[in-house]
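Trainee: Got a file for you: my_file35.cif, mmCIF, C-alpha atoms and all ligand atoms.
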```cif
data_query
loop_
_atom_site.label_atom_id
_atom_site.label_comp_id
_atom_site.auth_asym_id
_atom_site.auth_seq_id
_atom_site.Cartn_x
_atom_site.Cartn_y
_atom_site.Cartn_z
CA MET A 1 -19.77 43.56 9.33
CA ASP A 2 -19.30 42.86 5.66
CA VAL A 3 -22.98 42.63 4.70
CA ALA A 4 -22.42 43.36 1.04
CA ARG A 5 -20.36 40.29 0.46
CA GLY A 6 -23.21 37.75 0.43
CA TRP A 7 -22.95 34.00 0.89
CA ASN A 8 -20.00 32.39 -0.82
CA VAL A 9 -18.91 29.24 0.96
CA THR A 10 -16.34 27.50 -1.19
CA SER A 11 -13.85 24.65 -1.06
CA SER A 12 -10.27 25.65 -0.32
CA PRO A 13 -7.53 25.25 -2.94
CA GLN A 14 -5.78 22.57 -0.88
CA SER A 15 -8.97 20.55 -0.55
CA LEU A 16 -9.53 20.79 -4.31
CA ARG A 17 -6.08 19.53 -5.09
CA THR A 18 -6.68 16.55 -2.80
CA ILE A 19 -7.47 13.94 -5.40
CA ASN A 20 -7.85 10.24 -4.82
CA PRO A 21 -6.71 8.59 -8.08
CA ILE A 22 -8.88 5.53 -7.48
CA GLN A 23 -11.99 7.68 -7.18
CA GLN A 24 -10.90 9.75 -10.14
CA ILE A 25 -10.53 6.73 -12.42
CA THR A 26 -13.44 4.66 -11.12
CA SER A 27 -15.75 7.66 -11.45
CA LYS A 28 -15.34 7.11 -15.21
CA LEU A 29 -16.88 3.67 -14.76
CA ASP A 30 -20.61 3.29 -14.80
CA MET A 31 -21.06 1.12 -11.73
CA LYS A 32 -24.77 0.67 -12.49
CA ASN A 33 -23.93 -0.86 -15.83
CA VAL A 34 -23.46 -4.39 -14.47
CA ASN A 35 -24.88 -7.74 -15.48
CA LYS A 36 -27.81 -8.06 -13.08
CA ASP A 37 -28.07 -11.80 -13.72
CA LYS A 38 -24.72 -12.41 -12.12
CA VAL A 39 -23.79 -11.79 -8.51
CA MET A 40 -21.20 -9.05 -8.35
CA ILE A 41 -17.69 -10.21 -7.36
CA PRO A 42 -15.49 -7.30 -6.27
CA LEU A 43 -11.78 -8.09 -6.61
CA SER A 44 -11.08 -4.42 -6.14
CA LEU A 45 -10.88 -3.68 -2.44
CA GLY A 46 -7.53 -3.91 -0.68
CA ASP A 47 -9.27 -5.01 2.49
CA PRO A 48 -8.90 -8.66 3.52
CA THR A 49 -11.97 -8.53 5.79
CA VAL A 50 -14.45 -8.05 2.92
CA PHE A 51 -15.44 -11.69 2.40
CA GLY A 52 -15.19 -12.94 6.00
CA ASN A 53 -12.70 -15.71 5.14
CA MET A 54 -9.69 -13.79 6.47
CA ASP A 55 -10.26 -12.53 9.97
CA THR A 56 -8.10 -11.27 12.77
CA ASP A 57 -6.94 -13.54 15.56
CA ASP A 58 -9.16 -13.89 18.64
CA PHE A 59 -6.17 -12.76 20.65
CA LEU A 60 -6.57 -9.19 19.31
CA VAL A 61 -10.27 -9.17 20.10
CA GLU A 62 -9.60 -10.35 23.65
CA SER A 63 -6.83 -7.83 24.10
CA ILE A 64 -8.85 -4.82 23.01
CA THR A 65 -11.78 -5.97 25.15
CA LYS A 66 -9.51 -6.33 28.17
CA HIS A 67 -8.17 -2.81 27.71
CA ALA A 68 -11.65 -1.37 27.28
CA LYS A 69 -12.73 -2.99 30.55
CA THR A 70 -9.88 -1.51 32.59
CA LYS A 71 -10.97 2.03 31.57
CA ARG A 72 -7.27 2.92 31.91
CA ARG A 73 -6.77 3.60 28.21
CA ASN A 74 -9.55 6.09 27.67
CA GLY A 75 -7.62 9.34 28.00
CA TYR A 76 -5.52 11.32 25.56
CA THR A 77 -2.04 10.06 24.93
CA THR A 78 1.00 12.20 24.27
CA SER A 79 0.79 13.13 20.61
CA PRO A 80 3.24 10.51 19.24
CA GLY A 81 1.39 7.82 21.21
CA PHE A 82 1.57 6.06 24.60
CA PRO A 83 5.20 5.97 25.81
CA ASP A 84 4.97 2.29 26.80
CA VAL A 85 3.64 1.38 23.36
CA ARG A 86 6.39 3.31 21.59
CA ALA A 87 8.99 1.70 23.85
CA LYS A 88 7.65 -1.77 23.09
CA ILE A 89 7.75 -1.12 19.34
CA ALA A 90 11.33 0.15 19.69
CA GLU A 91 12.29 -2.98 21.63
CA LYS A 92 10.71 -5.39 19.15
CA TYR A 93 11.76 -3.62 15.96
CA LYS A 94 15.35 -3.19 17.02
CA LEU A 95 17.56 -4.66 14.33
CA PRO A 96 21.01 -6.16 14.85
CA ASN A 97 22.58 -3.14 13.14
CA HIS A 98 20.32 -0.64 14.96
CA GLN A 99 20.56 -1.63 18.61
CA GLN A 100 20.14 1.90 19.86
CA LEU A 101 16.45 2.23 18.93
CA THR A 102 14.39 3.93 21.66
CA GLN A 103 10.85 5.20 21.98
CA GLU A 104 12.08 8.56 20.67
CA ASP A 105 12.51 6.83 17.31
CA VAL A 106 8.88 5.68 17.16
CA MET A 107 5.73 7.67 16.49
CA LEU A 108 2.24 6.23 16.31
CA ALA A 109 -0.29 7.47 13.83
CA ASN A 110 -3.74 7.02 12.42
CA GLY A 111 -2.81 3.95 10.39
CA ALA A 112 0.19 3.59 8.15
CA SER A 113 -1.62 6.22 6.08
CA GLY A 114 -1.40 8.68 8.96
CA ALA A 115 2.29 7.87 9.42
CA LEU A 116 2.88 8.50 5.71
CA ASP A 117 1.12 11.85 5.96
CA ILE A 118 3.26 12.86 8.94
CA VAL A 119 6.49 11.95 7.17
CA ILE A 120 5.60 13.47 3.80
CA ALA A 121 4.36 16.71 5.35
CA ALA A 122 7.37 16.99 7.64
CA ILE A 123 10.08 16.21 5.11
CA ALA A 124 9.03 18.29 2.10
CA GLY A 125 7.38 21.61 1.38
CA GLU A 126 5.94 23.42 -1.60
CA GLY A 127 8.23 23.16 -4.59
CA ASP A 128 10.07 20.15 -3.19
CA ASN A 129 9.60 16.73 -4.71
CA ILE A 130 9.38 13.15 -3.46
CA LEU A 131 10.05 10.14 -5.69
CA LEU A 132 7.15 7.68 -5.84
CA PRO A 133 6.87 4.29 -7.50
CA ILE A 134 4.87 3.36 -10.58
CA PRO A 135 2.76 1.29 -10.22
CA SER A 136 1.93 3.17 -7.05
CA PHE A 137 -0.26 2.95 -3.98
CA PRO A 138 -2.42 5.99 -4.89
CA LEU A 139 -2.35 7.59 -1.45
CA TYR A 140 1.28 8.70 -1.90
CA GLU A 141 0.39 11.07 -4.70
CA THR A 142 -2.72 12.27 -2.90
CA LEU A 143 -0.73 13.18 0.21
CA CYS A 144 1.98 14.96 -1.80
CA CYS A 145 -0.44 17.02 -3.88
CA HIS A 146 -2.49 17.97 -0.84
CA ARG A 147 0.64 19.43 0.72
CA GLY A 148 1.79 21.16 -2.47
CA ILE A 149 4.71 18.74 -2.91
CA GLU A 150 5.56 17.63 -6.42
CA PRO A 151 5.19 13.87 -6.89
CA ARG A 152 7.85 12.49 -9.23
CA PHE A 153 7.64 8.97 -10.48
CA TYR A 154 10.08 6.16 -11.01
CA GLN A 155 9.24 3.06 -12.97
CA GLN A 156 9.10 -0.52 -11.75
CA VAL A 157 9.48 -3.02 -14.57
CA ALA A 158 6.98 -5.88 -14.78
CA GLU A 159 9.27 -8.16 -16.78
CA GLN A 160 12.01 -7.76 -14.16
CA ASP A 161 9.91 -8.85 -11.18
CA TRP A 162 8.86 -5.24 -10.72
CA GLN A 163 12.37 -4.08 -9.90
CA VAL A 164 13.07 -0.39 -10.18
CA ASP A 165 14.53 1.06 -13.38
CA LEU A 166 17.48 2.48 -11.45
CA GLN A 167 18.75 4.78 -14.17
CA GLN A 168 15.33 6.31 -14.67
CA LEU A 169 14.97 6.71 -10.90
CA GLU A 170 18.23 8.54 -10.66
CA SER A 171 17.37 10.76 -13.63
CA GLN A 172 14.36 12.07 -11.68
CA MET A 173 16.42 13.39 -8.79
CA ASP A 174 17.46 16.98 -8.30
CA ASN A 175 18.33 19.31 -5.44
CA ARG A 176 14.65 19.62 -4.44
CA THR A 177 14.27 15.85 -4.01
CA LYS A 178 13.57 15.26 -0.31
CA ALA A 179 13.02 11.50 -0.21
CA ILE A 180 12.70 8.29 -2.18
CA LEU A 181 9.54 6.46 -1.19
CA VAL A 182 9.57 2.69 -1.67
CA ASN A 183 6.91 0.08 -1.02
CA ASN A 184 8.08 -3.46 -0.48
CA PRO A 185 6.26 -5.90 -0.59
CA SER A 186 4.24 -3.90 -3.06
CA ASN A 187 0.63 -2.91 -3.36
CA PRO A 188 -0.41 -3.25 -6.24
CA CYS A 189 2.36 -5.49 -7.67
CA GLY A 190 2.66 -8.23 -5.05
CA SER A 191 6.40 -8.08 -5.65
CA VAL A 192 9.17 -8.65 -3.10
CA TRP A 193 12.61 -7.25 -3.86
CA SER A 194 15.91 -9.05 -3.32
CA GLN A 195 18.44 -7.62 -0.87
CA GLU A 196 20.74 -7.01 -3.76
CA HIS A 197 18.19 -4.81 -5.51
CA MET A 198 17.38 -2.95 -2.30
CA LYS A 199 21.09 -2.20 -1.87
CA GLN A 200 21.14 -0.65 -5.33
CA ILE A 201 18.32 1.70 -4.33
CA ILE A 202 20.07 2.53 -1.05
CA SER A 203 23.20 3.32 -2.98
CA ILE A 204 21.37 5.89 -5.14
CA ALA A 205 19.91 7.45 -1.99
CA ARG A 206 23.43 7.59 -0.52
CA ASN A 207 24.87 9.26 -3.62
CA HIS A 208 22.26 12.02 -3.39
CA CYS A 209 22.09 12.23 0.43
CA VAL A 210 18.35 11.60 0.40
CA PRO A 211 16.53 9.48 3.04
CA ILE A 212 14.35 6.52 2.15
CA ILE A 213 10.73 6.33 3.27
CA ALA A 214 10.01 2.59 3.30
CA ASP A 215 6.35 1.65 3.34
CA GLU A 216 6.70 -1.80 4.90
CA ILE A 217 3.08 -2.35 5.87
CA TYR A 218 3.30 -5.81 4.20
CA ALA A 219 6.47 -6.76 6.09
CA ASN A 220 6.82 -10.57 6.36
CA MET A 221 3.67 -11.20 4.32
CA VAL A 222 5.62 -13.17 1.74
CA PHE A 223 5.41 -16.67 0.29
CA GLY A 224 6.60 -18.94 -2.48
CA GLY A 225 10.19 -18.89 -1.23
CA ALA A 226 10.48 -15.10 -1.17
CA LYS A 227 12.46 -13.60 1.68
CA PHE A 228 11.50 -10.28 3.25
CA THR A 229 14.14 -7.80 4.36
CA TYR A 230 13.57 -4.46 6.05
CA PHE A 231 15.41 -1.64 4.33
CA ALA A 232 16.92 -0.68 7.69
CA GLU A 233 18.49 -4.14 8.03
CA ILE A 234 20.84 -3.42 5.17
CA SER A 235 21.44 0.29 5.64
CA ASP A 236 23.80 1.53 8.34
CA ASP A 237 24.24 5.03 6.97
CA VAL A 238 21.34 6.06 4.73
CA PRO A 239 18.47 6.94 7.09
CA ILE A 240 15.38 4.80 6.72
CA ILE A 241 11.95 5.90 7.86
CA SER A 242 10.03 2.65 8.11
CA ILE A 243 6.23 2.75 7.93
CA ASN A 244 4.34 -0.14 9.44
CA GLY A 245 1.17 -0.98 11.34
CA ILE A 246 -1.31 -3.66 12.36
CA ALA A 247 -3.83 -3.21 9.53
CA LYS A 248 -2.69 -5.83 7.07
CA GLN A 249 -0.60 -8.30 9.07
CA TYR A 250 -3.27 -8.68 11.75
CA VAL A 251 -6.26 -8.06 9.48
CA VAL A 252 -7.69 -5.03 11.31
CA PRO A 253 -7.47 -2.16 8.78
CA GLY A 254 -10.41 -0.42 10.45
CA TRP A 255 -8.52 -0.07 13.74
CA ARG A 256 -6.50 2.72 12.14
CA THR A 257 -3.22 2.24 13.92
CA GLY A 258 0.23 2.38 12.39
CA TRP A 259 3.60 3.92 13.13
CA LEU A 260 6.85 5.20 11.79
CA ILE A 261 10.30 4.20 12.98
CA LEU A 262 13.42 6.26 12.39
CA TYR A 263 16.50 4.14 11.73
CA ASP A 264 19.12 6.82 11.78
CA LYS A 265 22.38 5.76 13.34
CA LEU A 266 24.32 8.76 12.10
CA ASN A 267 21.70 11.27 13.23
CA TYR A 268 21.09 12.77 9.79
CA LEU A 269 17.41 13.17 10.71
CA LYS A 270 18.11 15.34 13.76
CA GLU A 271 16.37 18.39 12.30
CA LEU A 272 13.51 16.37 10.85
CA ARG A 273 12.46 15.02 14.26
CA ASP A 274 11.08 18.40 15.25
CA GLY A 275 8.88 18.54 12.14
CA LEU A 276 7.66 15.01 12.65
CA PHE A 277 6.77 15.71 16.26
CA ARG A 278 4.89 18.89 15.29
CA MET A 279 2.91 16.93 12.72
CA THR A 280 1.83 14.40 15.37
CA THR A 281 0.34 17.26 17.41
CA LEU A 282 -2.26 17.89 14.72
CA LEU A 283 -4.25 14.78 15.60
CA LEU A 284 -2.77 13.64 18.94
CA GLY A 285 -2.12 10.04 17.94
CA PRO A 286 -4.43 7.21 16.99
CA ASN A 287 -7.20 5.54 18.95
CA THR A 288 -5.97 4.61 22.42
CA LEU A 289 -7.54 1.15 22.62
CA SER A 290 -5.91 -0.06 19.44
CA GLN A 291 -2.61 1.47 20.59
CA ALA A 292 -2.89 -0.53 23.80
CA VAL A 293 -3.24 -3.78 21.86
CA ILE A 294 0.18 -3.38 20.22
CA PRO A 295 2.40 -4.41 23.21
CA ASP A 296 0.14 -7.44 23.74
CA ILE A 297 0.58 -8.50 20.11
CA LEU A 298 4.31 -7.92 20.17
CA ASP A 299 4.79 -9.93 23.37
CA HIS A 300 2.54 -12.77 22.20
CA ASP A 301 3.62 -15.53 19.86
CA MET A 302 1.62 -14.62 16.76
CA SER A 303 3.68 -16.81 14.43
CA GLY A 304 0.95 -19.44 14.08
CA PHE A 305 -1.55 -16.85 12.94
CA CYS A 306 0.91 -15.15 10.61
CA ASN A 307 2.05 -18.44 9.05
CA ASP A 308 -1.53 -19.52 8.46
CA LEU A 309 -2.31 -16.19 6.83
CA ASN A 310 0.72 -16.46 4.57
CA LYS A 311 -0.27 -20.01 3.63
CA ALA A 312 -3.77 -18.87 2.72
CA LEU A 313 -2.36 -16.02 0.66
CA GLU A 314 0.13 -18.30 -1.03
CA SER A 315 -2.54 -20.77 -1.99
CA ASN A 316 -4.76 -17.98 -3.39
CA ALA A 317 -1.81 -16.49 -5.25
CA LYS A 318 -0.97 -19.86 -6.82
CA PHE A 319 -4.55 -20.44 -7.82
CA THR A 320 -4.74 -16.97 -9.32
CA CYS A 321 -1.58 -17.51 -11.38
CA GLU A 322 -2.66 -20.90 -12.66
CA LYS A 323 -6.05 -19.59 -13.77
CA ILE A 324 -4.98 -16.27 -15.27
CA LYS A 325 -1.96 -17.77 -17.07
CA LYS A 326 -4.31 -19.83 -19.21
CA ILE A 327 -6.42 -16.87 -20.33
CA GLU A 328 -5.74 -15.54 -23.82
CA GLY A 329 -4.95 -11.84 -23.99
CA LEU A 330 -3.76 -11.55 -20.37
CA THR A 331 -0.31 -11.76 -18.76
CA ILE A 332 0.20 -12.31 -15.06
CA PHE A 333 3.32 -11.50 -13.08
CA GLU A 334 3.60 -13.94 -10.22
CA PRO A 335 3.00 -12.31 -6.83
CA LYS A 336 5.36 -13.17 -3.98
CA GLY A 337 3.93 -11.05 -1.21
CA ALA A 338 0.97 -8.97 0.05
CA PHE A 339 -2.36 -9.89 -1.60
CA TYR A 340 -2.31 -8.20 -4.96
CA THR A 341 -1.20 -8.84 -8.47
CA MET A 342 -1.14 -6.80 -11.65
CA VAL A 343 -2.42 -8.42 -14.82
CA GLY A 344 -1.32 -7.14 -18.22
CA ILE A 345 -3.95 -6.69 -20.94
CA ASP A 346 -2.98 -7.23 -24.58
CA VAL A 347 -4.82 -4.11 -25.58
CA ASP A 348 -3.95 -4.28 -29.29
CA ARG A 349 -5.60 -7.67 -29.63
CA PHE A 350 -8.67 -6.63 -27.71
CA SER A 351 -9.12 -3.38 -29.57
CA LYS A 352 -8.82 -5.08 -32.97
CA SER A 353 -11.34 -7.79 -32.26
CA THR A 354 -13.80 -5.50 -30.43
CA GLN A 355 -13.68 -2.66 -32.98
CA ASN A 356 -12.16 -0.47 -30.36
CA VAL A 357 -14.76 -1.06 -27.64
CA ILE A 358 -11.92 -2.27 -25.44
CA PHE A 359 -8.98 0.02 -26.08
CA ASP A 360 -7.40 0.38 -22.62
CA ASP A 361 -7.63 -0.86 -19.03
CA VAL A 362 -10.56 1.39 -18.11
CA SER A 363 -12.72 0.19 -21.01
CA PHE A 364 -11.65 -3.41 -20.23
CA SER A 365 -12.81 -3.03 -16.60
CA GLN A 366 -16.05 -1.38 -17.71
CA GLU A 367 -16.93 -4.14 -20.18
CA LEU A 368 -16.00 -6.84 -17.69
CA LEU A 369 -18.29 -5.21 -15.15
CA LYS A 370 -21.10 -4.84 -17.66
CA GLU A 371 -20.98 -8.40 -18.96
CA GLU A 372 -19.67 -10.45 -16.05
CA SER A 373 -20.21 -8.33 -12.90
CA VAL A 374 -16.58 -8.76 -11.90
CA PHE A 375 -14.97 -5.59 -10.61
CA VAL A 376 -11.21 -5.11 -10.98
CA LEU A 377 -9.38 -1.82 -10.64
CA PRO A 378 -7.93 -0.41 -13.87
CA GLY A 379 -4.15 0.00 -13.82
CA GLN A 380 -4.55 3.73 -14.33
CA CYS A 381 -5.59 3.95 -10.66
CA PHE A 382 -1.93 3.06 -10.02
CA LYS A 383 -0.57 5.11 -12.94
CA MET A 384 -0.03 1.93 -14.98
CA LYS A 385 -2.03 1.82 -18.18
CA ASN A 386 -3.20 -1.45 -19.76
CA TYR A 387 -3.06 -3.50 -16.59
CA PHE A 388 -5.63 -4.30 -13.96
CA ARG A 389 -5.18 -5.15 -10.31
CA ILE A 390 -6.59 -8.24 -8.63
CA VAL A 391 -6.96 -8.53 -4.86
CA PHE A 392 -6.83 -12.26 -4.23
CA CYS A 393 -8.15 -12.37 -0.66
CA ALA A 394 -11.58 -13.75 -1.57
CA PRO A 395 -12.45 -17.39 -0.80
CA VAL A 396 -11.25 -19.73 -3.51
CA ASP A 397 -14.73 -20.58 -4.82
CA LYS A 398 -15.37 -16.85 -5.36
CA LEU A 399 -11.98 -16.47 -7.05
CA LYS A 400 -12.72 -19.45 -9.28
CA GLU A 401 -16.07 -18.03 -10.30
CA ALA A 402 -14.49 -14.64 -11.02
CA TYR A 403 -11.61 -16.08 -13.06
CA ASP A 404 -13.96 -18.36 -15.02
CA ARG A 405 -16.00 -15.31 -15.88
CA ILE A 406 -12.89 -13.34 -16.87
CA GLU A 407 -11.83 -16.25 -19.07
CA SER A 408 -15.12 -16.53 -20.90
CA PHE A 409 -15.20 -12.74 -21.23
CA CYS A 410 -11.75 -12.66 -22.87
CA ASN A 411 -12.56 -15.60 -25.13
CA LYS A 412 -15.76 -13.91 -26.24
CA LYS A 413 -14.07 -10.57 -26.84
CA LEU A 414 -11.19 -12.16 -28.75
CA LYS A 415 -13.72 -14.26 -30.68
CA LEU A 416 -12.04 -17.50 -29.68
CA ASN A 417 -15.23 -19.54 -29.31
C1 LIG B 1 -3.18 -0.54 3.13
C2 LIG B 1 -1.93 0.20 2.86
C3 LIG B 1 -1.52 1.26 3.68
C4 LIG B 1 -2.43 1.84 4.74
O1 LIG B 1 -2.46 1.20 5.91
P1 LIG B 1 -3.39 1.74 7.10
O2 LIG B 1 -2.68 1.31 8.32
O3 LIG B 1 -4.70 1.05 6.92
O4 LIG B 1 -3.52 3.20 6.97
C5 LIG B 1 -0.31 1.88 3.42
N1 LIG B 1 0.45 1.50 2.39
C6 LIG B 1 0.07 0.51 1.56
C7 LIG B 1 0.95 0.15 0.43
C8 LIG B 1 -1.14 -0.17 1.77
O5 LIG B 1 -1.52 -1.11 0.91
#
```
Write the structure described by the file as structure tokens, please.
Ligand SMILES: *Cc1c(COP(=O)(O)O)cnc(C)c1O

Mentor:
Amino acid sequence: MDVARGWNVTSSPQSLRTINPIQQITSKLDMKNVNKDKVMIPLSLGDPTVFGNMDTDDFLVESITKHAKTKRRNGYTTSPGFPDVRAKIAEKYKLPNHQQLTQEDVMLANGASGALDIVIAAIAGEGDNILLPIPSFPLYETLCCHRGIEPRFYQQVAEQDWQVDLQQLESQMDNRTKAILVNNPSNPCGSVWSQEHMKQIISIARNHCVPIIADEIYANMVFGGAKFTYFAEISDDVPIISINGIAKQYVVPGWRTGWLILYDKLNYLKELRDGLFRMTTLLLGPNTLSQAVIPDILDHDMSGFCNDLNKALESNAKFTCEKIKKIEGLTIFEPKGAFYTMVGIDVDRFSKSTQNVIFDDVSFSQELLKEESVFVLPGQCFKMKNYFRIVFCAPVDKLKEAYDRIESFCNKKLKLN
């Protein structure tokens, strides 16, 4: 026994390079430095259940209760999930140009997050790179860095409805690029791409023989005339790994159940399937009860629920745009999907009139918190300086209160009253 060595319990290198950008940035904020006279309004959490105004459908509650009562869904599943659940997903997510989808093309995971981890870990290794969007859902970078994969970033342009700067995207690619990851509709932008733009991205992937990982967790959550298209619908050759789940569409993020689907007509992902399967064996699939709910949802007509949710989101998005548009010093880019929007801060104006107290998005968020007890996430959480993200799921009276406070805050800081 090595008695001389003494106690030295440390954190591993891979745990220490596991960094959550939201925590990293918000740890710079003094969350105790809030205006105690005003009730805190958090517009920061990407979780629609926070305020109790957006809840799941009773059908899901009844379904999970029913499955619990049978006691038939309490055992382990095969590691990519229950075969009947995978088969049902394959049946329902078949697309006209991908009729051959089977359960072998579907793997369940611990949320869309778990599915992303499986794909990222299986497709790239140390020294490889994956292209990620800016602004970006922060988990992508966290997962890459944890696995020793280099995250490379491509820019989405606010003034062009958050479309990708295609030239810049292509300039990031080299022979170690293993995938292009896209997120449409987007968290944090609320943008929804046109088919035409998606085809341009597919064409770059085709030119470089690189698959697309499409995070489509906000599939069909669109409004204001926007039309949602799955990447796989318009790609017959470039393989698409579609990430989806029940968290956002059915308002149960805590149920931790998502999946990946391989749309790969030409079998380019043949070798990758082995890696994906091995990755599923690490955690043996998600919770069995929430897996069991999926076939019920997919066989049930959920369109009423989904339409109502979209209407509620649309109305909140409209309200948000109308209010923020009128505020001096801020620019809003109209959201068309999901439940987020990015707001631009005219940092030069704010820094001049505040003697440099507000000089970027982090200081803006801090001051807003301190004076108005409204919490928004600084754009730097998403690698986008001088913006902040709003989650517009809150009830409209809460949103109104928050936006009124933001307005009086900006007017005060810009010395407009
Ligand atoms: C919420 C979210 C996820 C994670 O979904 P889970 O199923 O809760 O893990 C993945 N991608 C994006 C862009 C999200 O906003």

Trainee: Ligand LIG 1 (chain B): which residues are within 6 Å, counting only C-alpha atoms and all ligand atoms, as a list of chain:residue names?

Mentor: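 For ligand LIG 1 (chain B), the residues inside 6 Å are A:Gly111, A:Ala112, A:Ser113, A:Phe137, A:Asn187, A:Asp215, A:Ile217, A:Gly245, A:Ala247, A:Pro253, A:Arg256, A:Thr257, A:Gly258.
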
Trainee: Which of these residues is nearest to A:Asn97, using only C-alpha atoms: A:Ile41, A:Ala205, A:Ala232, A:Val252?

Mentor: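 Closest candidate: A:Ala232.
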
Trainee: Find the smallest box with edges along x, y and z containing every listed atom of stretch 235-251 of chain A, then add 4 Å on each side and report centre and edge lengths in Å to one decimal, as lines of an AutoDock Vina configuration file.

Mentor:
```
center_x = 9.0
center_y = -0.9
center_z = 8.5
size_x = 38.5
size_y = 23.6
size_z = 15.6
```

Trainee: May I ask for the distance between atom CA of A:Asn33 and atom CA of A:Lys370, given in Å to one decimal place?

Mentor: 5.2 Å

Trainee: Can you work out the spacing between atom CA of A:Ile294 and atom CA of A:Thr70 in Å, to one decimal?

Mentor: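 About the pair atom CA of A:Ile294 and atom CA of A:Thr70: they are 16.1 Å apart.
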
Trainee: Could you check which of A:Val39, A:Ala121, A:Leu269, A:Ala87 is closest to A:Thr142, using only C-alpha atoms?

Mentor: A:Ala121

Trainee: Which is closer to A:Lys326 than all the others in A:Ser303, A:Thr78, A:Asn411, A:Thr229, using all atoms listed in the file?

Mentor: A:Asn411

Trainee: Quote the spacing between atom CA of A:Pro21 and atom CA of A:Val362 in Å to one decimal place.

Mentor: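 Result for atom CA of A:Pro21 versus atom CA of A:Val362: 12.9 Å, one decimal.
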
Trainee: Need the shell around A:Gly337: protein/DNA/RNA residues with any atom at most 7 Å away, counting all atoms listed in the file. Skip same-chain ones fewer than 2 positions apart. Format as a ChimeraX atom specification?

Mentor: /A:185,190-192,221-223,335,339

Trainee: Counting only C-alpha atoms, figure out which residue out of A:Trp255, A:Tyr268, A:Tyr250, A:Phe388 gets nearest to A:Gln366.

Mentor: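 Of A:Trp255, A:Tyr268, A:Tyr250, A:Phe388, the one nearest A:Gln366 is A:Phe388, counting only C-alpha atoms.
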
Trainee: With only C-alpha atoms as the atoms that count, which of A:Leu43, A:Glu196, A:Ile25, A:Met54 lies nearest to A:Val374?

Mentor: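 That would be A:Leu43, the residue with the smallest distance to A:Val374.
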
Trainee: Using all atoms listed in the file, which of the listed residues (A:Val106, A:Val347, A:Cys306, A:Leu377) sits closest to A:Lys28?

Mentor: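 Of the candidates, the smallest distance to A:Lys28 is held by A:Leu377.
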
Trainee: For A:Lys323, please output as a ChimeraX atom specification all residues within 9 Å (counting all atoms listed in the file; exclusion window: fewer than 4 positions along the same chain).

Mentor: /A:318-319,327,400,403-404,407

Trainee: Could you build a table of the residues in stretch 326-356 of chain A lying no more than 12 Å from stretch 159-165 of chain A, giving for each the nearest pair of atoms and their separation in Å rounded to one decimal place, using all atoms listed in the file, ordered by chain and ascending residue number, as JSON lines?

Mentor:
```
{"residue": "A:Thr331", "atom": "CA", "partner": "A:Glu159", "partner_atom": "CA", "distance": 10.4}
{"residue": "A:Ile332", "atom": "CA", "partner": "A:Glu159", "partner_atom": "CA", "distance": 10.1}
{"residue": "A:Phe333", "atom": "CA", "partner": "A:Asp161", "partner_atom": "CA", "distance": 7.4}
{"residue": "A:Glu334", "atom": "CA", "partner": "A:Asp161", "partner_atom": "CA", "distance": 8.2}
{"residue": "A:Pro335", "atom": "CA", "partner": "A:Asp161", "partner_atom": "CA", "distance": 8.9}
{"residue": "A:Lys336", "atom": "CA", "partner": "A:Asp161", "partner_atom": "CA", "distance": 9.6}
{"residue": "A:Gly337", "atom": "CA", "partner": "A:Asp161", "partner_atom": "CA", "distance": 11.8}
{"residue": "A:Thr341", "atom": "CA", "partner": "A:Trp162", "partner_atom": "CA", "distance": 10.9}
{"residue": "A:Met342", "atom": "CA", "partner": "A:Trp162", "partner_atom": "CA", "distance": 10.2}
{"residue": "A:Val343", "atom": "CA", "partner": "A:Glu159", "partner_atom": "CA", "distance": 11.9}
{"residue": "A:Gly344", "atom": "CA", "partner": "A:Glu159", "partner_atom": "CA", "distance": 10.7}
```

Trainee: So that I can see what lies close to A:Val61, please list as number ranges by chain the residues with an atom at most 12 Å from it, counting only C-alpha atoms and leaving out residues fewer than 4 positions away in the same chain.

Mentor: A: 55-57, 65-68, 250-252, 255, 289-290, 292-294, 296-297

Trainee: Just the residues within 10 Å of A:Ile204, please, counting only C-alpha atoms, with nothing from its chain fewer than 3 positions along; format it as a PyMOL selection string.

Mentor: chain A and resi 166-167+169-170+173+180+199-201+207-210+238

Trainee: For A:Cys144, find every residue with an atom within 10 Å (counting all atoms listed in the file), except residues of its own chain fewer than 3 positions away, and show them as a PyMOL selection string.

Mentor: chain A and resi 17-18+116-117+120-121+124-126+128-130+132+139-141+147-152

Trainee: Some atoms are missing, so please complete stretch 250-254 of chain A with N, CA and C atoms and return it as a PDB file, in the frame of the given file.

Mentor:
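Output file out-v9.pdb follows:
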```pdb
ATOM      1  N   TYR A 250      -2.331  -8.124  10.769  1.00  0.00           N
ATOM      2  CA  TYR A 250      -3.270  -8.680  11.750  1.00  0.00           C
ATOM      3  C   TYR A 250      -4.730  -8.487  11.343  1.00  0.00           C
ATOM      4  N   VAL A 251      -4.930  -8.093  10.103  1.00  0.00           N
ATOM      5  CA  VAL A 251      -6.260  -8.060   9.480  1.00  0.00           C
ATOM      6  C   VAL A 251      -7.253  -7.185  10.261  1.00  0.00           C
ATOM      7  N   VAL A 252      -6.804  -5.986  10.632  1.00  0.00           N
ATOM      8  CA  VAL A 252      -7.690  -5.030  11.310  1.00  0.00           C
ATOM      9  C   VAL A 252      -7.510  -3.627  10.704  1.00  0.00           C
ATOM     10  N   PRO A 253      -7.720  -3.472   9.387  1.00  0.00           N
ATOM     11  CA  PRO A 253      -7.470  -2.160   8.780  1.00  0.00           C
ATOM     12  C   PRO A 253      -8.344  -1.049   9.380  1.00  0.00           C
ATOM     13  N   GLY A 254      -9.513  -1.428   9.885  1.00  0.00           N
ATOM     14  CA  GLY A 254     -10.410  -0.420  10.450  1.00  0.00           C
ATOM     15  C   GLY A 254      -9.942   0.112  11.793  1.00  0.00           C
TER      16      GLY A 254
END
```
